[in-house]
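A.B. asks: You'll find data-v3.cif just under this line, and it carries mmCIF, N, CA and C atoms.
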data_model
loop_
_atom_site.label_atom_id
_atom_site.label_comp_id
_atom_site.auth_asym_id
_atom_site.auth_seq_id
_atom_site.Cartn_x
_atom_site.Cartn_y
_atom_site.Cartn_z
N LYS A 1 0.86 -1.17 0.00
CA LYS A 1 0.00 0.00 0.00
C LYS A 1 0.90 1.23 0.00
N ASN A 2 0.67 2.12 -0.90
CA ASN A 2 1.52 3.31 -1.01
C ASN A 2 1.12 4.37 -0.01
N THR A 3 2.14 5.04 0.52
CA THR A 3 1.90 6.14 1.45
C THR A 3 1.06 7.21 0.78
N GLY A 4 0.03 7.64 1.47
CA GLY A 4 -0.79 8.74 0.97
C GLY A 4 -1.98 8.32 0.14
N ASN A 5 -2.10 7.04 -0.20
CA ASN A 5 -3.25 6.61 -1.01
C ASN A 5 -4.58 6.91 -0.32
N ASP A 6 -4.65 6.60 0.96
CA ASP A 6 -5.90 6.84 1.68
C ASP A 6 -6.24 8.33 1.69
N LEU A 7 -5.24 9.16 1.88
CA LEU A 7 -5.47 10.61 1.87
C LEU A 7 -5.97 11.05 0.50
N ARG A 8 -5.32 10.56 -0.56
CA ARG A 8 -5.74 10.92 -1.91
C ARG A 8 -7.17 10.50 -2.20
N GLU A 9 -7.60 9.40 -1.57
CA GLU A 9 -8.95 8.88 -1.77
C GLU A 9 -9.95 9.52 -0.80
N GLY A 10 -9.48 10.45 0.04
CA GLY A 10 -10.37 11.14 0.97
C GLY A 10 -10.80 10.32 2.16
N LYS A 11 -10.04 9.29 2.50
CA LYS A 11 -10.38 8.43 3.63
C LYS A 11 -9.80 9.00 4.92
N MET A 12 -10.61 8.97 5.96
CA MET A 12 -10.15 9.40 7.27
C MET A 12 -9.48 8.22 7.96
N THR A 13 -8.18 8.26 8.06
CA THR A 13 -7.42 7.21 8.72
C THR A 13 -7.05 7.68 10.13
N LEU A 14 -6.52 6.78 10.94
CA LEU A 14 -6.19 7.12 12.32
C LEU A 14 -5.20 8.29 12.41
N PRO A 15 -4.16 8.38 11.58
CA PRO A 15 -3.29 9.56 11.68
C PRO A 15 -4.05 10.87 11.42
N LEU A 16 -4.97 10.86 10.48
CA LEU A 16 -5.75 12.08 10.21
C LEU A 16 -6.73 12.38 11.35
N ILE A 17 -7.32 11.35 11.89
CA ILE A 17 -8.22 11.55 13.03
C ILE A 17 -7.44 12.14 14.21
N TYR A 18 -6.24 11.61 14.45
CA TYR A 18 -5.39 12.13 15.52
C TYR A 18 -5.10 13.61 15.28
N LEU A 19 -4.73 13.93 14.04
CA LEU A 19 -4.41 15.32 13.71
C LEU A 19 -5.65 16.21 13.82
N MET A 20 -6.81 15.70 13.46
CA MET A 20 -8.04 16.48 13.61
C MET A 20 -8.33 16.77 15.08
N GLN A 21 -7.93 15.88 15.95
CA GLN A 21 -8.17 16.07 17.38
C GLN A 21 -7.08 16.89 18.06
N ASN A 22 -5.87 16.85 17.52
CA ASN A 22 -4.72 17.45 18.21
C ASN A 22 -4.00 18.53 17.41
N GLY A 23 -4.38 18.72 16.17
CA GLY A 23 -3.68 19.68 15.32
C GLY A 23 -4.10 21.11 15.57
N THR A 24 -3.46 21.99 14.85
CA THR A 24 -3.81 23.41 14.91
C THR A 24 -5.12 23.63 14.17
N PRO A 25 -5.77 24.75 14.41
CA PRO A 25 -6.99 25.05 13.65
C PRO A 25 -6.74 25.06 12.13
N GLU A 26 -5.56 25.52 11.71
CA GLU A 26 -5.24 25.53 10.28
C GLU A 26 -5.10 24.12 9.73
N GLU A 27 -4.46 23.22 10.49
CA GLU A 27 -4.31 21.83 10.04
C GLU A 27 -5.67 21.15 9.95
N LYS A 28 -6.51 21.38 10.92
CA LYS A 28 -7.86 20.80 10.92
C LYS A 28 -8.65 21.28 9.70
N ALA A 29 -8.54 22.57 9.40
CA ALA A 29 -9.26 23.14 8.25
C ALA A 29 -8.74 22.55 6.94
N ARG A 30 -7.42 22.37 6.83
CA ARG A 30 -6.84 21.78 5.61
C ARG A 30 -7.36 20.36 5.40
N ILE A 31 -7.35 19.58 6.47
CA ILE A 31 -7.81 18.19 6.37
C ILE A 31 -9.28 18.15 5.96
N ALA A 32 -10.10 18.95 6.62
CA ALA A 32 -11.53 18.98 6.29
C ALA A 32 -11.74 19.38 4.83
N ASP A 33 -11.03 20.39 4.38
CA ASP A 33 -11.16 20.85 2.99
C ASP A 33 -10.70 19.77 2.02
N TYR A 34 -9.61 19.10 2.37
CA TYR A 34 -9.08 18.05 1.49
C TYR A 34 -10.06 16.88 1.38
N VAL A 35 -10.53 16.42 2.53
CA VAL A 35 -11.42 15.25 2.54
C VAL A 35 -12.78 15.59 1.89
N GLU A 36 -13.30 16.76 2.18
CA GLU A 36 -14.62 17.12 1.66
C GLU A 36 -14.59 17.56 0.20
N ASN A 37 -13.52 18.24 -0.20
CA ASN A 37 -13.49 18.86 -1.52
C ASN A 37 -12.36 18.39 -2.42
N GLY A 38 -11.50 17.51 -1.90
CA GLY A 38 -10.37 17.05 -2.70
C GLY A 38 -9.39 18.17 -3.03
N ALA A 39 -9.20 19.08 -2.11
CA ALA A 39 -8.33 20.24 -2.33
C ALA A 39 -6.87 19.80 -2.40
N GLU A 40 -6.43 19.48 -3.61
CA GLU A 40 -5.09 18.92 -3.84
C GLU A 40 -3.96 19.77 -3.26
N GLY A 41 -4.14 21.07 -3.21
CA GLY A 41 -3.07 21.94 -2.73
C GLY A 41 -2.70 21.72 -1.28
N HIS A 42 -3.53 21.01 -0.54
CA HIS A 42 -3.27 20.79 0.89
C HIS A 42 -2.47 19.51 1.17
N ALA A 43 -2.34 18.64 0.21
CA ALA A 43 -1.76 17.31 0.47
C ALA A 43 -0.37 17.40 1.09
N GLU A 44 0.50 18.19 0.53
CA GLU A 44 1.87 18.28 1.04
C GLU A 44 1.89 18.79 2.48
N ALA A 45 1.10 19.82 2.78
CA ALA A 45 1.04 20.37 4.13
C ALA A 45 0.47 19.34 5.11
N ILE A 46 -0.50 18.56 4.66
CA ILE A 46 -1.08 17.53 5.53
C ILE A 46 -0.06 16.44 5.81
N PHE A 47 0.64 15.98 4.78
CA PHE A 47 1.69 14.97 4.99
C PHE A 47 2.71 15.46 6.00
N HIS A 48 3.12 16.71 5.85
CA HIS A 48 4.11 17.29 6.76
C HIS A 48 3.55 17.34 8.19
N ALA A 49 2.32 17.80 8.34
CA ALA A 49 1.71 17.92 9.66
C ALA A 49 1.56 16.55 10.33
N VAL A 50 1.18 15.55 9.56
CA VAL A 50 1.07 14.19 10.11
C VAL A 50 2.43 13.74 10.63
N GLY A 51 3.48 13.99 9.87
CA GLY A 51 4.81 13.58 10.27
C GLY A 51 5.33 14.31 11.50
N GLN A 52 4.95 15.56 11.65
CA GLN A 52 5.44 16.38 12.76
C GLN A 52 4.59 16.28 14.03
N SER A 53 3.38 15.80 13.91
CA SER A 53 2.42 15.88 15.01
C SER A 53 2.50 14.75 16.03
N GLY A 54 3.19 13.68 15.71
CA GLY A 54 3.17 12.51 16.57
C GLY A 54 2.07 11.53 16.19
N ALA A 55 1.34 11.85 15.11
CA ALA A 55 0.24 11.00 14.68
C ALA A 55 0.70 9.61 14.28
N LEU A 56 1.85 9.52 13.63
CA LEU A 56 2.34 8.20 13.21
C LEU A 56 2.77 7.37 14.41
N ARG A 57 3.42 8.00 15.37
CA ARG A 57 3.82 7.28 16.59
C ARG A 57 2.57 6.79 17.34
N TYR A 58 1.57 7.66 17.45
CA TYR A 58 0.31 7.31 18.09
C TYR A 58 -0.34 6.12 17.37
N THR A 59 -0.38 6.18 16.05
CA THR A 59 -1.00 5.12 15.26
C THR A 59 -0.26 3.80 15.43
N PHE A 60 1.07 3.86 15.44
CA PHE A 60 1.87 2.64 15.64
C PHE A 60 1.57 2.02 17.01
N HIS A 61 1.51 2.85 18.04
CA HIS A 61 1.22 2.33 19.38
C HIS A 61 -0.19 1.74 19.46
N LYS A 62 -1.14 2.37 18.78
CA LYS A 62 -2.50 1.82 18.74
C LYS A 62 -2.51 0.47 18.03
N ALA A 63 -1.76 0.36 16.94
CA ALA A 63 -1.68 -0.91 16.21
C ALA A 63 -1.07 -2.00 17.09
N GLU A 64 -0.01 -1.65 17.82
CA GLU A 64 0.59 -2.61 18.75
C GLU A 64 -0.42 -3.05 19.81
N GLU A 65 -1.14 -2.09 20.33
CA GLU A 65 -2.14 -2.37 21.37
C GLU A 65 -3.23 -3.31 20.84
N MET A 66 -3.71 -3.05 19.64
CA MET A 66 -4.77 -3.88 19.05
C MET A 66 -4.25 -5.28 18.71
N ALA A 67 -3.02 -5.37 18.21
CA ALA A 67 -2.43 -6.67 17.89
C ALA A 67 -2.24 -7.50 19.16
N ARG A 68 -1.80 -6.83 20.23
CA ARG A 68 -1.63 -7.52 21.51
C ARG A 68 -2.99 -8.02 22.03
N ALA A 69 -4.01 -7.18 21.93
CA ALA A 69 -5.35 -7.58 22.38
C ALA A 69 -5.88 -8.75 21.56
N ALA A 70 -5.66 -8.71 20.25
CA ALA A 70 -6.12 -9.80 19.40
C ALA A 70 -5.41 -11.11 19.75
N SER A 71 -4.11 -11.01 19.97
CA SER A 71 -3.35 -12.22 20.34
C SER A 71 -3.82 -12.78 21.68
N LEU A 72 -4.10 -11.90 22.62
CA LEU A 72 -4.60 -12.35 23.93
C LEU A 72 -6.00 -12.95 23.82
N ALA A 73 -6.79 -12.46 22.91
CA ALA A 73 -8.16 -12.95 22.75
C ALA A 73 -8.20 -14.42 22.35
N ILE A 74 -7.16 -14.87 21.68
CA ILE A 74 -7.14 -16.28 21.24
C ILE A 74 -6.18 -17.13 22.07
N LYS A 75 -5.68 -16.56 23.14
CA LYS A 75 -4.70 -17.25 23.98
C LYS A 75 -5.19 -18.60 24.46
N GLU A 76 -6.45 -18.70 24.82
CA GLU A 76 -6.99 -19.94 25.38
C GLU A 76 -7.32 -21.00 24.33
N PHE A 77 -7.29 -20.62 23.06
CA PHE A 77 -7.55 -21.60 22.01
C PHE A 77 -6.42 -22.63 22.00
N PRO A 78 -6.72 -23.85 21.60
CA PRO A 78 -5.67 -24.87 21.52
C PRO A 78 -4.62 -24.47 20.48
N GLU A 79 -3.40 -24.86 20.74
CA GLU A 79 -2.32 -24.58 19.79
C GLU A 79 -2.62 -25.28 18.47
N SER A 80 -2.41 -24.54 17.38
CA SER A 80 -2.63 -25.10 16.05
C SER A 80 -1.95 -24.19 15.04
N ASP A 81 -1.85 -24.69 13.82
CA ASP A 81 -1.30 -23.86 12.75
C ASP A 81 -2.17 -22.63 12.51
N TYR A 82 -3.48 -22.79 12.68
CA TYR A 82 -4.41 -21.67 12.46
C TYR A 82 -4.18 -20.57 13.49
N LYS A 83 -4.05 -20.98 14.74
CA LYS A 83 -3.81 -20.01 15.80
C LYS A 83 -2.48 -19.30 15.56
N GLU A 84 -1.46 -20.06 15.22
CA GLU A 84 -0.15 -19.47 14.95
C GLU A 84 -0.22 -18.49 13.78
N SER A 85 -0.99 -18.82 12.77
CA SER A 85 -1.15 -17.91 11.63
C SER A 85 -1.81 -16.60 12.05
N LEU A 86 -2.80 -16.68 12.90
CA LEU A 86 -3.46 -15.46 13.38
C LEU A 86 -2.50 -14.59 14.19
N VAL A 87 -1.70 -15.21 15.04
CA VAL A 87 -0.72 -14.46 15.83
C VAL A 87 0.32 -13.83 14.91
N ARG A 88 0.75 -14.55 13.90
CA ARG A 88 1.72 -13.99 12.93
C ARG A 88 1.13 -12.83 12.15
N MET A 89 -0.15 -12.94 11.78
CA MET A 89 -0.80 -11.84 11.07
C MET A 89 -0.84 -10.58 11.94
N CYS A 90 -1.08 -10.76 13.22
CA CYS A 90 -1.08 -9.61 14.13
C CYS A 90 0.29 -8.94 14.13
N ARG A 91 1.34 -9.75 14.22
CA ARG A 91 2.71 -9.19 14.20
C ARG A 91 3.00 -8.52 12.88
N PHE A 92 2.61 -9.17 11.79
CA PHE A 92 2.87 -8.60 10.45
C PHE A 92 2.18 -7.26 10.28
N ALA A 93 0.95 -7.16 10.73
CA ALA A 93 0.20 -5.91 10.59
C ALA A 93 0.90 -4.74 11.27
N VAL A 94 1.60 -5.01 12.35
CA VAL A 94 2.31 -3.95 13.08
C VAL A 94 3.70 -3.72 12.51
N GLU A 95 4.37 -4.77 12.11
CA GLU A 95 5.77 -4.67 11.71
C GLU A 95 6.00 -4.36 10.24
N ARG A 96 4.99 -4.46 9.41
CA ARG A 96 5.18 -4.26 7.97
C ARG A 96 5.66 -2.84 7.68
N LYS A 97 6.41 -2.71 6.64
CA LYS A 97 6.93 -1.40 6.20
C LYS A 97 6.22 -1.00 4.93
N TYR A 98 5.98 0.29 4.77
CA TYR A 98 5.27 0.80 3.60
C TYR A 98 6.24 1.29 2.57
#
The structure given in the file should be rewritten as structure tokens.
C.D. replies:
Amino acid sequence: KNTGNDLREGKMTLPLIYLMQNGTPEEKARIADYVENGAEGHAEAIFHAVGQSGALRYTFHKAEEMARAASLAIKEFPESDYKESLVRMCRFAVERKY
């Protein structure tokens, strides 16, 4: 998955949600304009703001938290190749590089 595809498609992802909650009024307005109207001129500023805001670190920690919860949810299941595959998918989802 290429970086920025979701933004280009107007999808609200966790980094954008984080920035909408924690960003400056200008950043929030840019995101809203981009998502609602496809305002291409804002993309670079939004990418920069996401990188500077801590949104990616927040998103990574949330992914780790969800993967850990998913792994714990199946802890009591009997050991099997299926269970191991699910645990590996949780790790992959967090560790994959874009």
A.B. asks: Could you jot down the atom N of A:Thr59 to atom C of A:Leu14 separation for me, Å, one decimal place?
C.D. replies: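 For atom N of A:Thr59 relative to atom C of A:Leu14, the distance reads 6.4 Å.
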A.B. asks: Counting all atoms listed in the file, which of A:Tyr34, A:Phe60, A:Phe47, A:Phe77 gets nearest to A:Val94?
C.D. replies: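 The answer is A:Phe60, which sits nearest to A:Val94.
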A.B. asks: Which value, in Å to one decimal, gives the distance between atom CA of A:Val87 and atom C of A:Ala70?
C.D. replies: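 Here the two named atoms are 7.0 Å from each other.
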A.B. asks: If DSSP is run on the backbone, what residues of stretch 2-96 of chain A are alpha helix (DSSP H)? A reply as JSON, numbers by chain would be ideal.
C.D. replies: {"A": [5, 6, 7, 8, 14, 15, 16, 17, 18, 19, 20, 21, 22, 25, 26, 27, 28, 29, 30, 31, 32, 33, 34, 35, 36, 37, 43, 44, 45, 46, 47, 48, 49, 50, 51, 52, 53, 55, 56, 57, 58, 59, 60, 61, 62, 63, 64, 65, 66, 67, 68, 69, 70, 71, 72, 73, 81, 82, 83, 84, 85, 86, 87, 88, 89, 90, 91, 92, 93, 94, 95]}
A.B. asks: Nearest to A:Glu64: which of A:Ala49, A:Ala43, A:Ala93, A:Leu19 is it, counting all atoms listed in the file?
C.D. replies: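 For A:Glu64, the nearest of the candidates is A:Ala93.
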A.B. asks: Give me the residues near A:Arg8 as JSON, numbers by chain, where near means some atom within 12 Å (using only C-alpha atoms) and where sequence neighbours in that chain fewer than 6 positions away do not count.
C.D. replies: {"A": [2, 31, 34, 35, 36, 37, 38, 39, 40, 41, 42, 43, 44, 46, 47]}
A.B. asks: Using only N, CA and C atoms, please write the residues we just selected to a file, as a short mmCIF file (atom, residue, chain, number, x, y, z; two decimals), in the coordinates of the input.
C.D. replies:
data_model
loop_
_atom_site.label_atom_id
_atom_site.label_comp_id
_atom_site.auth_asym_id
_atom_site.auth_seq_id
_atom_site.Cartn_x
_atom_site.Cartn_y
_atom_site.Cartn_z
N ASN A 2 0.67 2.12 -0.90
CA ASN A 2 1.52 3.31 -1.01
C ASN A 2 1.12 4.37 -0.01
N ILE A 31 -7.35 19.58 6.47
CA ILE A 31 -7.81 18.19 6.37
C ILE A 31 -9.28 18.15 5.96
N TYR A 34 -9.61 19.10 2.37
CA TYR A 34 -9.08 18.05 1.49
C TYR A 34 -10.06 16.88 1.38
N VAL A 35 -10.53 16.42 2.53
CA VAL A 35 -11.42 15.25 2.54
C VAL A 35 -12.78 15.59 1.89
N GLU A 36 -13.30 16.76 2.18
CA GLU A 36 -14.62 17.12 1.66
C GLU A 36 -14.59 17.56 0.20
N ASN A 37 -13.52 18.24 -0.20
CA ASN A 37 -13.49 18.86 -1.52
C ASN A 37 -12.36 18.39 -2.42
N GLY A 38 -11.50 17.51 -1.90
CA GLY A 38 -10.37 17.05 -2.70
C GLY A 38 -9.39 18.17 -3.03
N ALA A 39 -9.20 19.08 -2.11
CA ALA A 39 -8.33 20.24 -2.33
C ALA A 39 -6.87 19.80 -2.40
N GLU A 40 -6.43 19.48 -3.61
CA GLU A 40 -5.09 18.92 -3.84
C GLU A 40 -3.96 19.77 -3.26
N GLY A 41 -4.14 21.07 -3.21
CA GLY A 41 -3.07 21.94 -2.73
C GLY A 41 -2.70 21.72 -1.28
N HIS A 42 -3.53 21.01 -0.54
CA HIS A 42 -3.27 20.79 0.89
C HIS A 42 -2.47 19.51 1.17
N ALA A 43 -2.34 18.64 0.21
CA ALA A 43 -1.76 17.31 0.47
C ALA A 43 -0.37 17.40 1.09
N GLU A 44 0.50 18.19 0.53
CA GLU A 44 1.87 18.28 1.04
C GLU A 44 1.89 18.79 2.48
N ILE A 46 -0.50 18.56 4.66
CA ILE A 46 -1.08 17.53 5.53
C ILE A 46 -0.06 16.44 5.81
N PHE A 47 0.64 15.98 4.78
CA PHE A 47 1.69 14.97 4.99
C PHE A 47 2.71 15.46 6.00
#
